[in-house]
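Coordinates from query09.csv are shown below (CSV, C-alpha atoms).
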chain,number,residue,atom,x,y,z
O,1,MET,CA,-12.8,-6.9,-6.6
O,2,GLY,CA,-13.2,-10.5,-8.0
O,3,ASP,CA,-14.9,-9.7,-11.4
O,4,VAL,CA,-12.6,-6.8,-12.1
O,5,VAL,CA,-9.4,-8.8,-11.3
O,6,GLY,CA,-9.9,-11.2,-14.2
O,7,GLU,CA,-10.1,-8.3,-16.7
O,8,SER,CA,-7.4,-6.1,-15.3
O,9,LYS,CA,-3.6,-5.8,-15.3
O,10,VAL,CA,-1.6,-4.0,-12.7
O,11,ASP,CA,1.8,-2.6,-13.5
O,12,PHE,CA,3.7,-3.7,-10.4
O,13,SER,CA,6.9,-2.1,-11.8
O,14,ALA,CA,5.3,1.4,-11.6
O,15,PRO,CA,7.0,3.9,-9.3
O,16,ALA,CA,5.6,4.0,-5.8
O,17,VAL,CA,6.5,5.3,-2.3
O,18,LEU,CA,5.7,3.6,1.0
O,19,TYR,CA,4.8,6.2,3.7
O,20,LYS,CA,4.4,5.8,7.5
O,21,TRP,CA,2.3,8.0,9.6
O,22,PRO,CA,3.8,9.2,12.9
O,23,SER,CA,2.0,7.5,15.7
O,24,LEU,CA,1.3,7.8,19.4
O,25,ALA,CA,0.1,4.6,21.3
O,26,ASN,CA,0.1,2.8,17.9
O,27,GLN,CA,-2.5,5.2,16.5
O,28,ARG,CA,-2.0,7.6,13.6
O,29,ARG,CA,-1.3,11.2,14.5
O,30,GLU,CA,-3.6,13.0,12.2
O,31,ASP,CA,-2.0,16.3,13.2
O,32,SER,CA,1.2,15.2,11.4
O,33,THR,CA,2.1,14.2,7.9
O,34,PRO,CA,3.4,10.8,6.8
O,35,TYR,CA,7.1,10.4,6.0
O,36,GLN,CA,8.7,8.3,3.3
O,37,VAL,CA,10.0,4.9,4.2
O,38,ILE,CA,11.0,3.5,0.8
O,39,GLU,CA,10.8,4.7,-2.8
O,40,GLY,CA,10.8,2.0,-5.5
O,41,THR,CA,8.4,0.0,-7.5
O,42,LEU,CA,4.9,-0.9,-6.5
O,43,ASP,CA,6.0,-4.5,-6.1
O,44,GLU,CA,8.9,-3.4,-3.8
O,45,CYS,CA,6.6,-1.2,-1.7
O,46,ILE,CA,4.1,-4.0,-1.3
O,47,SER,CA,6.8,-6.4,-0.2
O,48,ALA,CA,8.2,-3.8,2.3
O,49,PHE,CA,4.7,-3.2,3.6
O,50,THR,CA,3.9,-7.0,4.0
O,51,ALA,CA,7.2,-7.4,5.9
O,52,LYS,CA,5.9,-5.0,8.6
O,53,PRO,CA,4.2,-6.5,11.7
O,54,ALA,CA,0.5,-6.9,11.1
O,55,THR,CA,-0.2,-4.8,14.2
O,56,THR,CA,1.5,-1.7,12.7
O,57,ARG,CA,0.4,-1.9,9.1
O,58,HIS,CA,-2.5,0.5,9.7
O,59,LEU,CA,0.2,3.2,10.0
O,60,TYR,CA,1.4,2.8,6.4
O,61,GLU,CA,0.1,3.7,3.0
O,62,ILE,CA,1.5,3.4,-0.5
O,63,ARG,CA,1.3,6.2,-3.0
O,64,THR,CA,1.6,5.6,-6.8
O,65,ALA,CA,0.0,6.6,-10.1
O,66,ALA,CA,-3.6,5.4,-10.3
O,67,GLN,CA,-4.2,2.4,-12.5
O,68,PRO,CA,-8.0,2.1,-12.6
O,69,PRO,CA,-10.0,0.2,-11.6
O,70,LEU,CA,-7.7,-1.7,-9.1
O,71,VAL,CA,-5.0,0.8,-8.1
O,72,THR,CA,-5.8,4.2,-6.6
O,73,GLU,CA,-3.3,7.0,-6.0
O,74,VAL,CA,-3.2,6.3,-2.2
O,75,LEU,CA,-3.4,2.6,-1.2
O,76,SER,CA,-4.8,1.9,2.2
O,77,PRO,CA,-3.4,-1.0,4.2
O,78,GLU,CA,-6.4,-3.1,3.3
O,79,HIS,CA,-6.0,-2.3,-0.3
O,80,VAL,CA,-2.3,-3.3,-0.2
O,81,ILE,CA,-3.1,-6.6,1.4
O,82,GLU,CA,-5.6,-7.4,-1.4
O,83,LEU,CA,-3.2,-6.4,-4.1
O,84,SER,CA,-0.5,-8.6,-2.5
O,85,ARG,CA,-2.9,-11.6,-2.6
O,86,TRP,CA,-3.7,-11.0,-6.3
O,87,ARG,CA,-0.1,-10.0,-7.3
O,88,GLU,CA,0.8,-13.3,-8.9
O,89,PHE,CA,-2.5,-13.4,-10.9
O,90,LEU,CA,-2.5,-9.9,-12.3

Could I get this file's structure written as structure tokens?
Amino acid sequence: MGDVVGESKVDFSAPAVLYKWPSLANQRREDSTPYQVIEGTLDECISAFTAKPATTRHLYEIRTAAQPPLVTEVLSPEHVIELSRWREFL
């Protein structure tokens, strides 16, 4: 991600939605569908995600419009953490 970051801009004001997967024993229930937690900007959703306990972040994902090459339509927890680290530089 390092080389791409210097050349890319991310629109953190883009609409986004934070979703949470139903869980059982702190594991995603793949037989269910995720539900909406917050709807706002990508920045707001990243902030809401990072406010969650680290032990439960794997249950969340952010959905937004793709912004290649750094932002995909569905952002995994690992991807959100990386974007949050780079947020002030992008």

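Computed from the coordinates, the CA of Ile62 (chain O) to CA of Ser13 (chain O) distance equals 13.7 Å.
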
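Remark: for Asn26 (chain O), the closest of the candidate residues O:Thr72, O:Thr55, O:Ser84, O:Thr64 is O:Thr55 (distances computed over all atoms listed in the file).
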
Which of O:Leu59, O:Ala51, O:Ala25, O:Leu42 sits closest to Leu83 (chain O) [using only C-alpha atoms] | O:Leu42

Using all atoms listed in the file, determine which residues lie at most 12 Å from Ser47 (chain O), disregarding the query and same-chain residues fewer than 2 positions distant; provide the list as a compact mmCIF listing (two decimals) with C-alpha atoms, in the frame of the given file.
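Saved the output as result_7.txt:
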# COMPACT_ATOMS: atom_id res chain seq x y z
CA PHE O 12 3.70 -3.70 -10.40
CA ALA O 16 5.60 4.00 -5.80
CA VAL O 17 6.50 5.30 -2.30
CA LEU O 18 5.70 3.60 1.00
CA ILE O 38 11.00 3.50 0.80
CA GLY O 40 10.80 2.00 -5.50
CA THR O 41 8.40 0.00 -7.50
CA LEU O 42 4.90 -0.90 -6.50
CA ASP O 43 6.00 -4.50 -6.10
CA GLU O 44 8.90 -3.40 -3.80
CA CYS O 45 6.60 -1.20 -1.70
CA PHE O 49 4.70 -3.20 3.60
CA THR O 50 3.90 -7.00 4.00
CA ALA O 51 7.20 -7.40 5.90
CA LYS O 52 5.90 -5.00 8.60
CA ILE O 62 1.50 3.40 -0.50
CA VAL O 80 -2.30 -3.30 -0.20
CA ILE O 81 -3.10 -6.60 1.40
CA LEU O 83 -3.20 -6.40 -4.10
CA SER O 84 -0.50 -8.60 -2.50
CA ARG O 85 -2.90 -11.60 -2.60
CA ARG O 87 -0.10 -10.00 -7.30

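The smallest atom-to-atom distance between His58 (chain O) and any of O:Glu78, O:Lys9, O:Arg29, O:Val71, using all atoms listed in the file, is found for O:Glu78.
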
Two-atom distance - CA of Phe89 (chain O), CA of Arg57 (chain O) (Å) = 23.3 Å

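Between CA of Pro77 (chain O) and CA of Glu61 (chain O) lies a distance of 6.0 Å.
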